>>> print(open('work.tsv').read())   # TSV, C-alpha atoms
chain	number	residue	atom	x	y	z
A	1	MET	CA	11.90	44.64	60.03
A	2	LYS	CA	8.49	46.23	59.49
A	3	ASN	CA	7.51	43.57	56.94
A	4	LYS	CA	8.71	40.77	59.21
A	5	THR	CA	6.66	42.18	62.11
A	6	ALA	CA	3.55	42.49	59.93
A	7	ASN	CA	3.98	38.95	58.61
A	8	SER	CA	4.38	37.59	62.14
A	9	LEU	CA	1.22	39.37	63.31
A	10	GLU	CA	-0.70	38.14	60.29
A	11	ASN	CA	0.46	34.54	60.81
A	12	PHE	CA	-0.39	34.71	64.51
A	13	LEU	CA	-3.91	36.04	63.98
A	14	HIS	CA	-4.59	33.67	61.09
A	15	THR	CA	-3.54	30.69	63.22
A	16	PHE	CA	-5.44	31.90	66.29
A	17	LEU	CA	-8.68	32.63	64.43
A	18	ASP	CA	-8.48	29.33	62.58
A	19	ARG	CA	-7.95	27.38	65.81
A	20	ALA	CA	-10.78	29.31	67.45
A	21	GLY	CA	-13.20	28.08	64.79
A	22	ALA	CA	-13.40	31.14	62.53
A	23	VAL	CA	-13.61	30.96	58.75
A	24	VAL	CA	-10.53	32.87	57.58
A	25	GLU	CA	-9.67	33.99	54.06
A	26	LYS	CA	-6.86	36.11	52.60
A	27	PRO	CA	-8.42	38.24	49.82
A	28	SER	CA	-5.21	40.11	48.98
A	29	TYR	CA	-1.84	41.22	50.27
A	30	GLY	CA	-1.90	42.45	53.87
A	31	LEU	CA	-5.57	41.59	54.46
A	32	LEU	CA	-7.46	38.89	56.34
A	33	GLU	CA	-11.23	38.39	56.35
A	34	ALA	CA	-12.72	36.37	59.20
A	35	LEU	CA	-16.20	35.17	60.05
A	36	VAL	CA	-15.94	34.42	63.75
A	37	PRO	CA	-18.14	32.25	66.01
A	38	GLN	CA	-20.46	33.92	68.50
A	39	GLU	CA	-18.10	33.44	71.43
A	40	LEU	CA	-15.41	35.45	69.65
A	41	ALA	CA	-17.89	37.97	68.22
A	42	ASN	CA	-18.85	38.95	71.75
A	43	ARG	CA	-15.18	39.65	72.53
A	44	PHE	CA	-14.33	41.50	69.32
A	45	GLY	CA	-17.65	43.30	69.01
A	46	ALA	CA	-18.37	42.00	65.50
A	47	GLU	CA	-19.06	38.72	63.68
A	48	GLU	CA	-17.06	39.79	60.64
A	49	LEU	CA	-13.52	41.15	60.83
A	50	LEU	CA	-11.46	42.75	58.09
A	51	LEU	CA	-7.89	43.00	59.35
A	52	ALA	CA	-5.12	44.98	57.63
A	53	PHE	CA	-1.44	44.41	58.39
A	54	ASP	CA	-0.01	47.17	56.22
A	55	TYR	CA	-0.66	50.85	56.89
A	56	GLU	CA	-1.13	51.75	53.22
A	57	VAL	CA	-3.46	48.78	52.72
A	58	ALA	CA	-5.51	49.87	55.74
A	59	ARG	CA	-5.83	53.42	54.35
A	60	GLU	CA	-7.01	52.11	50.99
A	61	THR	CA	-9.46	49.55	52.45
A	62	PRO	CA	-12.58	51.11	54.02
A	63	GLY	CA	-13.85	49.27	57.08
A	64	SER	CA	-10.55	47.51	57.77
A	65	ILE	CA	-8.84	47.44	61.16
A	66	PHE	CA	-5.13	48.18	61.11
A	67	ILE	CA	-3.24	45.60	63.20
A	68	ALA	CA	-0.04	46.73	64.89
A	69	PRO	CA	1.58	46.14	68.28
A	70	GLY	CA	-0.71	47.67	70.89
A	71	SER	CA	-3.91	47.58	68.81
A	72	ALA	CA	-7.06	46.57	70.69
A	73	VAL	CA	-7.87	43.60	68.43
A	74	LEU	CA	-4.34	42.21	68.76
A	75	ASP	CA	-4.35	42.59	72.55
A	76	THR	CA	-7.70	40.80	72.76
A	77	ALA	CA	-6.45	37.98	70.54
A	78	VAL	CA	-3.32	37.55	72.67
A	79	ARG	CA	-5.42	37.32	75.86
A	80	LEU	CA	-7.78	34.78	74.28
A	81	ALA	CA	-4.98	32.72	72.74
A	82	ALA	CA	-3.13	32.21	76.03
A	83	PRO	CA	-5.60	29.68	77.55
A	84	TYR	CA	-5.79	27.60	74.36
A	85	GLY	CA	-2.62	25.76	75.31
A	86	LEU	CA	-1.88	22.50	73.56
A	87	PHE	CA	-5.36	20.95	73.52
A	88	THR	CA	-8.67	22.16	72.07
A	89	VAL	CA	-12.02	20.41	71.54
A	90	HIS	CA	-14.44	21.44	68.78
A	91	TYR	CA	-17.88	20.09	67.86
A	92	TRP	CA	-19.55	19.82	64.47
A	93	PRO	CA	-22.37	22.37	64.17
A	94	GLY	CA	-24.49	20.39	61.70
A	95	ARG	CA	-27.96	19.10	62.33
A	96	GLU	CA	-29.35	15.58	62.31
A	97	VAL	CA	-27.35	13.10	60.25
A	98	ARG	CA	-29.45	10.88	58.02
A	99	ARG	CA	-28.66	7.96	55.78
A	100	PRO	CA	-28.09	9.31	52.24
A	101	LYS	CA	-30.27	7.94	49.46
A	102	ASN	CA	-27.29	7.13	47.23
A	103	LEU	CA	-25.40	5.27	49.96
A	104	ASP	CA	-24.60	2.31	47.69
A	105	GLN	CA	-22.82	4.59	45.23
A	106	LYS	CA	-20.88	6.25	48.04
A	107	ILE	CA	-19.73	2.86	49.34
A	108	ALA	CA	-18.66	1.82	45.84
A	109	LYS	CA	-16.66	5.06	45.55
A	110	ALA	CA	-14.89	4.44	48.86
A	111	VAL	CA	-13.94	0.79	48.44
A	112	ASP	CA	-14.02	-1.97	45.84
A	113	TYR	CA	-14.50	-5.54	47.09
A	114	LEU	CA	-12.78	-7.72	44.51
A	115	HIS	CA	-14.28	-11.13	43.67
A	116	CYS	CA	-17.31	-10.37	45.85
A	117	ARG	CA	-20.95	-9.62	45.32
A	118	PRO	CA	-21.94	-5.97	45.77
A	119	PRO	CA	-21.91	-5.03	49.46
A	120	SER	CA	-25.15	-4.59	51.39
A	121	VAL	CA	-25.77	-2.53	54.52
A	122	ALA	CA	-27.15	-4.89	57.15
A	123	SER	CA	-27.59	-2.12	59.76
A	124	HIS	CA	-26.34	1.28	60.75
A	125	TYR	CA	-26.16	3.42	63.87
A	126	LEU	CA	-25.32	7.01	64.74
A	127	ALA	CA	-22.43	7.78	67.08
A	128	GLU	CA	-20.02	10.60	67.78
A	129	ASN	CA	-16.70	9.95	66.11
A	130	VAL	CA	-13.50	11.66	67.17
A	131	TYR	CA	-11.00	13.04	64.67
A	132	TYR	CA	-7.62	13.96	66.07
A	133	MET	CA	-5.94	16.88	64.32
A	134	PHE	CA	-2.25	16.66	65.22
A	135	ASN	CA	-0.69	20.01	64.31
A	136	PHE	CA	3.05	19.62	63.84
A	137	LEU	CA	5.50	22.49	63.83
A	138	CYS	CA	7.98	21.81	61.03
A	139	VAL	CA	11.17	23.86	61.08
A	140	PHE	CA	13.26	23.98	57.90
A	141	ARG	CA	16.75	25.36	58.52
A	142	SER	CA	18.99	26.23	55.60
A	143	PHE	CA	20.27	29.60	54.33
A	144	GLU	CA	17.22	30.89	56.21
A	145	LYS	CA	14.84	29.45	58.79
A	146	THR	CA	11.23	28.72	57.85
A	147	GLU	CA	8.48	27.36	60.09
A	148	GLU	CA	5.23	25.75	58.99
A	149	ILE	CA	2.32	24.14	60.81
A	150	ILE	CA	1.42	20.87	59.08
A	151	PRO	CA	-1.85	19.30	60.31
A	152	VAL	CA	-2.42	15.55	60.18
A	153	VAL	CA	-5.95	14.32	60.90
A	154	ILE	CA	-6.54	10.74	62.03
A	155	ASN	CA	-9.91	9.02	62.32
A	156	GLY	CA	-10.00	7.96	65.97
A	157	HIS	CA	-12.20	4.95	65.25
A	158	ASN	CA	-10.16	3.16	62.61
A	159	GLY	CA	-6.81	4.96	62.75
A	160	VAL	CA	-6.86	6.03	59.08
A	161	PRO	CA	-5.45	9.43	58.03
A	162	PHE	CA	-7.96	11.87	56.54
A	163	PRO	CA	-5.80	14.13	54.28
A	164	SER	CA	-8.62	16.40	53.08
A	165	PHE	CA	-10.27	16.86	56.48
A	166	GLU	CA	-8.95	20.38	57.05
A	167	THR	CA	-10.22	21.50	53.64
A	168	TYR	CA	-13.79	20.76	54.74
A	169	TRP	CA	-13.36	21.72	58.40
A	170	GLN	CA	-12.10	25.23	57.64
A	171	ASN	CA	-15.36	26.01	55.83
A	172	ILE	CA	-17.50	25.60	58.93
A	173	ILE	CA	-17.71	27.38	62.27
A	174	PRO	CA	-17.39	24.64	64.90
A	175	LEU	CA	-18.96	24.84	68.34
A	176	GLU	CA	-17.32	24.76	71.74
A	177	HIS	CA	-20.22	22.68	73.11
A	178	PRO	CA	-22.25	19.91	71.41
A	179	LEU	CA	-25.80	20.50	70.19
A	180	SER	CA	-26.83	17.10	71.53
A	181	ARG	CA	-25.36	14.18	73.39
A	182	LEU	CA	-24.56	11.02	71.47
A	183	ALA	CA	-22.91	7.75	72.32
A	184	GLN	CA	-19.23	7.94	71.44
A	185	ALA	CA	-17.77	5.48	68.96
A	186	ARG	CA	-14.93	3.25	70.04
A	187	THR	CA	-11.57	4.97	69.60
A	188	SER	CA	-8.02	3.68	69.46
A	189	PRO	CA	-5.49	4.79	72.11
A	190	VAL	CA	-4.16	8.28	71.35
A	191	ARG	CA	-0.56	7.04	71.49
A	192	ASP	CA	-1.32	4.64	68.62
A	193	LEU	CA	-2.99	7.39	66.60
A	194	TYR	CA	-0.06	9.69	67.30
A	195	ALA	CA	2.32	7.07	65.88
A	196	VAL	CA	0.24	6.99	62.68
A	197	ALA	CA	0.30	10.80	62.54
A	198	CYS	CA	4.08	10.85	62.98
A	199	ARG	CA	4.54	8.53	60.00
A	200	ALA	CA	2.20	10.69	57.91
A	201	VAL	CA	3.85	14.00	58.83
A	202	GLY	CA	7.24	12.50	58.10
A	203	GLN	CA	6.18	11.95	54.52
A	204	LEU	CA	4.55	15.40	54.26
A	205	ALA	CA	7.60	17.14	55.73
A	206	GLY	CA	9.78	15.21	53.30
A	207	GLU	CA	7.69	16.44	50.39
A	208	ARG	CA	7.88	20.02	51.64
A	209	SER	CA	11.62	19.75	52.15
A	210	LEU	CA	12.07	18.94	48.46
A	211	LEU	CA	10.86	22.45	47.62
A	212	TYR	CA	13.31	24.03	50.05
A	213	ARG	CA	16.12	21.79	48.83
A	214	GLU	CA	15.39	22.75	45.22
A	215	ALA	CA	15.47	26.47	46.06
A	216	GLY	CA	18.64	26.01	48.11
A	217	THR	CA	20.33	24.05	45.35
A	218	LEU	CA	19.75	26.85	42.83
A	219	LEU	CA	21.08	29.52	45.20
A	220	ARG	CA	24.03	27.35	46.22
A	221	GLN	CA	24.97	26.74	42.59
A	222	LYS	CA	24.83	30.46	41.80
A	223	GLU	CA	27.05	31.31	44.77
A	224	LEU	CA	29.49	28.51	43.93
A	225	GLU	CA	29.74	29.73	40.35
A	226	LYS	CA	30.28	33.33	41.46
A	227	THR	CA	32.92	32.28	43.99
A	228	GLY	CA	34.55	29.97	41.46
A	229	ARG	CA	34.93	32.78	38.93
A	230	TYR	CA	36.66	34.96	41.52
A	231	TYR	CA	39.12	32.27	42.65
A	232	ARG	CA	39.87	31.07	39.12
A	233	GLU	CA	40.71	34.62	38.09
A	234	THR	CA	42.86	35.08	41.19
A	235	LEU	CA	44.71	31.79	40.59
A	236	SER	CA	45.19	32.64	36.94
A	237	GLU	CA	46.85	35.97	37.83
A	238	LEU	CA	49.10	34.34	40.44
A	239	GLU	CA	50.12	31.55	38.02
A	240	LYS	CA	50.87	34.14	35.34
A	241	LYS	CA	53.08	36.11	37.75
A	242	HIS	CA	54.78	32.90	38.84
A	243	GLY	CA	55.54	31.95	35.24
A	244	GLU	CA	56.91	35.39	34.41
A	245	SER	CA	59.17	35.64	37.46
A	246	SER	CA	62.74	34.35	37.52
A	247	ASN	CA	63.34	35.32	41.14
A	248	PRO	CA	63.40	32.15	43.31
A	249	ALA	CA	62.28	34.04	46.43
A	250	ARG	CA	59.37	35.64	44.58
A	251	GLN	CA	58.44	32.31	42.99
A	252	LYS	CA	58.39	30.71	46.44
A	253	LYS	CA	56.16	33.49	47.73
A	254	LEU	CA	53.79	33.11	44.76
A	255	GLN	CA	53.69	29.33	45.26
A	256	ASP	CA	52.67	29.88	48.87
A	257	GLN	CA	49.99	32.34	47.74
A	258	LEU	CA	48.69	29.80	45.20
A	259	ALA	CA	48.49	27.08	47.85
A	260	ALA	CA	46.78	29.44	50.30
A	261	THR	CA	44.29	30.57	47.63
A	262	ARG	CA	43.41	26.99	46.68
A	263	ALA	CA	42.90	26.12	50.37
A	264	ASP	CA	40.79	29.24	50.90
A	265	TRP	CA	38.69	28.35	47.82
A	266	GLN	CA	38.05	24.86	49.18
A	267	HIS	CA	37.16	26.30	52.59
A	268	ARG	CA	34.79	28.76	50.94
A	269	GLN	CA	33.12	25.98	48.94
A	270	ASP	CA	32.64	23.91	52.11
A	271	ASP	CA	31.05	26.92	53.84
A	272	ILE	CA	28.64	27.50	50.95
A	273	VAL	CA	27.60	23.84	50.82
A	274	ALA	CA	27.06	23.82	54.61
A	275	ARG	CA	25.03	27.05	54.48
A	276	TYR	CA	22.56	25.65	51.97
A	277	ASP	CA	22.29	22.22	53.57
A	278	LEU	CA	18.78	21.57	54.89
A	279	GLU	CA	17.89	20.42	58.38
A	280	VAL	CA	14.29	19.49	59.20
A	281	GLU	CA	12.87	19.39	62.71
A	282	VAL	CA	9.31	18.21	63.43
A	283	LEU	CA	7.58	18.77	66.78
A	284	LEU	CA	3.98	18.38	67.92
A	285	ASP	CA	2.70	21.93	68.44
A	286	HIS	CA	-0.92	21.39	69.50
A	287	LEU	CA	-3.79	18.93	69.25
A	288	VAL	CA	-7.34	19.72	68.17
A	289	VAL	CA	-10.05	17.13	68.82
A	290	CYS	CA	-12.98	17.37	66.38
A	291	ARG	CA	-16.13	15.52	67.42
A	292	ILE	CA	-18.53	14.70	64.57
A	293	PRO	CA	-21.70	12.56	64.56
A	294	CYS	CA	-21.15	9.84	61.95
A	295	LEU	CA	-23.14	6.93	60.59
A	296	PHE	CA	-21.47	3.59	61.25
A	297	LEU	CA	-22.45	1.11	58.55
A	298	GLN	CA	-22.40	-2.62	59.16
A	299	VAL	CA	-21.62	-3.90	55.68
A	300	GLU	CA	-21.83	-7.50	54.46
A	301	VAL	CA	-20.04	-8.81	51.37
A	302	GLN	CA	-20.32	-12.35	50.05
A	303	HIS	CA	-17.42	-14.28	48.56
A	304	LYS	CA	-18.46	-17.70	47.30
A	305	THR	CA	-20.17	-19.21	50.35
A	306	SER	CA	-18.51	-16.91	52.90
A	307	LEU	CA	-20.19	-13.84	54.34
A	308	ILE	CA	-17.69	-11.17	55.40
A	309	ARG	CA	-18.67	-8.27	57.66
A	310	GLN	CA	-17.00	-4.89	57.90
A	311	THR	CA	-17.73	-1.49	59.47
A	312	LEU	CA	-17.62	1.62	57.30
A	313	VAL	CA	-17.96	5.25	58.36
A	314	TYR	CA	-20.19	7.79	56.63
A	315	ASN	CA	-18.93	11.29	57.47
A	316	PRO	CA	-21.43	14.17	57.08
A	317	LEU	CA	-18.55	16.68	56.99
A	318	ASN	CA	-17.87	15.84	53.33
A	319	GLY	CA	-20.91	13.66	52.71
A	320	GLU	CA	-18.82	10.63	51.79
A	321	VAL	CA	-18.09	7.14	53.04
A	322	GLU	CA	-14.48	6.97	54.19
A	323	THR	CA	-12.07	4.46	52.68
A	324	PRO	CA	-11.64	1.68	55.27
A	325	PRO	CA	-8.31	0.37	56.55
A	326	CYS	CA	-6.88	-2.99	55.57
A	327	PRO	CA	-7.62	-5.29	58.55
A	328	ARG	CA	-4.11	-6.69	58.31
A	329	CYS	CA	-1.83	-3.61	57.95
A	330	GLY	CA	-4.20	-0.79	58.89
A	331	LYS	CA	-3.43	1.31	55.80
A	332	PRO	CA	-6.24	2.85	53.70
A	333	ALA	CA	-7.51	0.20	51.33
A	334	PRO	CA	-9.63	1.37	48.37
A	335	LEU	CA	-9.39	-2.23	47.08
A	336	LEU	CA	-10.03	-5.20	49.37
A	337	ILE	CA	-9.61	-8.85	48.44
A	338	PRO	CA	-10.94	-11.93	50.31
A	339	ASP	CA	-8.20	-14.07	51.80
A	340	GLU	CA	-8.04	-17.79	52.51
A	341	LYS	CA	-9.09	-17.25	56.14
A	342	GLY	CA	-12.42	-15.63	55.31
A	343	GLY	CA	-11.20	-12.06	55.90
A	344	LEU	CA	-10.26	-9.10	53.76
A	345	ILE	CA	-6.81	-7.85	52.77
A	346	CYS	CA	-5.43	-5.07	50.60
A	347	ALA	CA	-3.53	-5.79	47.40
A	348	ALA	CA	-0.17	-5.47	49.20
A	349	HIS	CA	-0.76	-8.81	50.98
A	350	GLU	CA	-2.18	-10.78	48.07
>>> encode(input="work.tsv", output="structure tokens")
Amino acid sequence: MKNKTANSLENFLHTFLDRAGAVVEKPSYGLLEALVPQELANRFGAEELLLAFDYEVARETPGSIFIAPGSAVLDTAVRLAAPYGLFTVHYWPGREVRRPKNLDQKIAKAVDYLHCRPPSVASHYLAENVYYMFNFLCVFRSFEKTEEIIPVVINGHNGVPFPSFETYWQNIIPLEHPLSRLAQARTSPVRDLYAVACRAVGQLAGERSLLYREAGTLLRQKELEKTGRYYRETLSELEKKHGESSNPARQKKLQDQLAATRADWQHRQDDIVARYDLEVEVLLDHLVVCRIPCLFLQVEVQHKTSLIRQTLVYNPLNGEVETPPCPRCGKPAPLLIPDEKGGLICAAHE
């Protein structure tokens, strides 16, 4: 029970600090290191926190704060977490965004325009782009219950998932208020973006479930084998006694015992299979809106005598041009091909 309580406290504080914009790392068992933004530092009395969730670890780690029910840091975190609710807005803390010198190479890395001349940037403008981080609570129920938060980030402008967004975002300390005011880029309706996120999390949850199914299959097989050995031995003894007996009444009794044992074995097998069956439930837990100033590139590509225009997004968070969506299906398209109508399509529609 003690370990379960410690793990729950550690998961809670890790999630809270992460959502609050802190940079959180786990250096070793029972420890969390956090670099917190100024707003939190004022509440906790320090910009750097070293939190221990095991008493022995706390004793052996100088400068750590032992976290247990009733501790001051935990009580403060609980009070601060309550108003967060289901919706949080964060702002990128970076400075002025400029056009990179190697922009052509970044565009070529993001998308390949087949049968076209190299793309050229006709113009560009700076605007605040919105990235919606849909955090889904995924519950895996089998021989035990496991919960995970799976984030899915969608570019609000073009509706394309950004799988590596969280990897970059967790390395910065976002702001609760913008450094400057920018025009906001056009965004798709949130309900449409949510539908894209649901499709993406369905695939991610399916991939995660394979790991749980694999573990459950191994445990189920071990239990079935153990149970099978017991019932086979029991049936073998009953059959031996039945064969050695010449008493009709005793034979009838042994036959009934054999039938009951076989039925009980089948019932036991059904119970084991049901216990290790996996159920997956996915619910939206909370939404984080990340606002980042991005360069919007008006790109022109020429195919024969046709000039095709497209908008690309340069994201300063990772310093890369994002792969654009296929104009026809909306899926990320690292390869685009001119169609007969003077537009662009991905290879799936060729």
>>> closest_residue(input="work.tsv", among="A:Glu47, A:Asp256, A:Asp271, A:Ser188", to="Arg220 in chain A", atoms="all atoms listed in the file")
A:Asp271
>>> atom_distance(input="work.tsv", atom1="CA of Pro293 in chain A", atom2="CA of Pro93 in chain A")
9.8 Å
>>> residues_around(input="work.tsv", residues="Asn102 in chain A", least_positions_apart="6", cutoff="12 Å", atoms="all atoms listed in the file", output="list in words")
Ala108, Lys109, Tyr314, Gly319, Glu320 and Val321 of chain A
>>> write_last_selection(input="work.tsv", atoms="C-alpha atoms", output="PDB file, keeping the file's coordinate frame")
ATOM      1  CA  ALA A 108     -18.660   1.820  45.840  1.00  0.00           C
ATOM      2  CA  LYS A 109     -16.660   5.060  45.550  1.00  0.00           C
ATOM      3  CA  TYR A 314     -20.190   7.790  56.630  1.00  0.00           C
ATOM      4  CA  GLY A 319     -20.910  13.660  52.710  1.00  0.00           C
ATOM      5  CA  GLU A 320     -18.820  10.630  51.790  1.00  0.00           C
ATOM      6  CA  VAL A 321     -18.090   7.140  53.040  1.00  0.00           C
TER       7      VAL A 321
END
>>> closest_residue(input="work.tsv", among="A:Cys290, A:Leu175, A:Arg229, A:Gln310", to="Val153 in chain A", atoms="all atoms listed in the file")
A:Cys290
>>> closest_atom_pairs(input="work.tsv", of="range 96-183 of chain A", to="range 334-342 of chain A", cutoff="10 Å", atoms="only C-alpha atoms", output="CSV")
residue,atom,partner,partner_atom,distance
A:Ala108,CA,A:Pro334,CA,9.4
A:Lys109,CA,A:Pro334,CA,8.4
A:Ala110,CA,A:Pro334,CA,6.1
A:Val111,CA,A:Pro334,CA,4.3
A:Asp112,CA,A:Leu335,CA,4.8
A:Tyr113,CA,A:Leu336,CA,5.0
A:Leu114,CA,A:Ile337,CA,5.2
A:His115,CA,A:Ile337,CA,7.1
A:Cys116,CA,A:Pro338,CA,7.9
>>> atom_distance(input="work.tsv", atom1="CA of Val89 in chain A", atom2="CA of Leu51 in chain A")
26.0 Å
>>> residues_around(input="work.tsv", residues="Pro118 in chain A", least_positions_apart="6", cutoff="12 Å", atoms="only C-alpha atoms", output="list in words")
Asp104, Gln105, Ile107, Ala108, Val111, Asp112, Val299, Glu300, Val301, Gln302, His303, Leu307 and Ile308 of chain A
>>> build_atoms(input="work.tsv", residues="range 70-83 of chain A", atoms="N, CA and C atoms", output="PDB file, keeping the file's coordinate frame")
ATOM      1  N   GLY A  70       0.046  46.756  70.053  1.00  0.00           N
ATOM      2  CA  GLY A  70      -0.710  47.670  70.890  1.00  0.00           C
ATOM      3  C   GLY A  70      -2.133  47.897  70.457  1.00  0.00           C
ATOM      4  N   SER A  71      -2.528  47.391  69.265  1.00  0.00           N
ATOM      5  CA  SER A  71      -3.910  47.580  68.810  1.00  0.00           C
ATOM      6  C   SER A  71      -4.855  46.740  69.662  1.00  0.00           C
ATOM      7  N   ALA A  72      -6.087  47.212  69.802  1.00  0.00           N
ATOM      8  CA  ALA A  72      -7.060  46.570  70.690  1.00  0.00           C
ATOM      9  C   ALA A  72      -7.368  45.139  70.238  1.00  0.00           C
ATOM     10  N   VAL A  73      -7.550  44.945  68.925  1.00  0.00           N
ATOM     11  CA  VAL A  73      -7.870  43.600  68.430  1.00  0.00           C
ATOM     12  C   VAL A  73      -6.731  42.637  68.711  1.00  0.00           C
ATOM     13  N   LEU A  74      -5.496  43.073  68.504  1.00  0.00           N
ATOM     14  CA  LEU A  74      -4.340  42.210  68.760  1.00  0.00           C
ATOM     15  C   LEU A  74      -4.241  41.868  70.245  1.00  0.00           C
ATOM     16  N   ASP A  75      -4.425  42.859  71.105  1.00  0.00           N
ATOM     17  CA  ASP A  75      -4.350  42.590  72.550  1.00  0.00           C
ATOM     18  C   ASP A  75      -5.421  41.604  72.983  1.00  0.00           C
ATOM     19  N   THR A  76      -6.625  41.744  72.430  1.00  0.00           N
ATOM     20  CA  THR A  76      -7.700  40.800  72.760  1.00  0.00           C
ATOM     21  C   THR A  76      -7.364  39.393  72.285  1.00  0.00           C
ATOM     22  N   ALA A  77      -6.820  39.288  71.078  1.00  0.00           N
ATOM     23  CA  ALA A  77      -6.450  37.980  70.540  1.00  0.00           C
ATOM     24  C   ALA A  77      -5.372  37.318  71.388  1.00  0.00           C
ATOM     25  N   VAL A  78      -4.394  38.099  71.839  1.00  0.00           N
ATOM     26  CA  VAL A  78      -3.320  37.550  72.670  1.00  0.00           C
ATOM     27  C   VAL A  78      -3.891  37.014  73.980  1.00  0.00           C
ATOM     28  N   ARG A  79      -4.814  37.775  74.602  1.00  0.00           N
ATOM     29  CA  ARG A  79      -5.420  37.320  75.860  1.00  0.00           C
ATOM     30  C   ARG A  79      -6.227  36.048  75.657  1.00  0.00           C
ATOM     31  N   LEU A  80      -6.948  35.958  74.541  1.00  0.00           N
ATOM     32  CA  LEU A  80      -7.780  34.780  74.280  1.00  0.00           C
ATOM     33  C   LEU A  80      -6.938  33.576  73.882  1.00  0.00           C
ATOM     34  N   ALA A  81      -5.809  33.821  73.226  1.00  0.00           N
ATOM     35  CA  ALA A  81      -4.980  32.720  72.740  1.00  0.00           C
ATOM     36  C   ALA A  81      -4.245  32.025  73.880  1.00  0.00           C
ATOM     37  N   ALA A  82      -3.923  32.772  74.938  1.00  0.00           N
ATOM     38  CA  ALA A  82      -3.130  32.210  76.030  1.00  0.00           C
ATOM     39  C   ALA A  82      -3.731  30.948  76.641  1.00  0.00           C
ATOM     40  N   PRO A  83      -5.057  30.893  76.927  1.00  0.00           N
ATOM     41  CA  PRO A  83      -5.600  29.680  77.550  1.00  0.00           C
ATOM     42  C   PRO A  83      -5.744  28.489  76.613  1.00  0.00           C
TER      43      PRO A  83
END
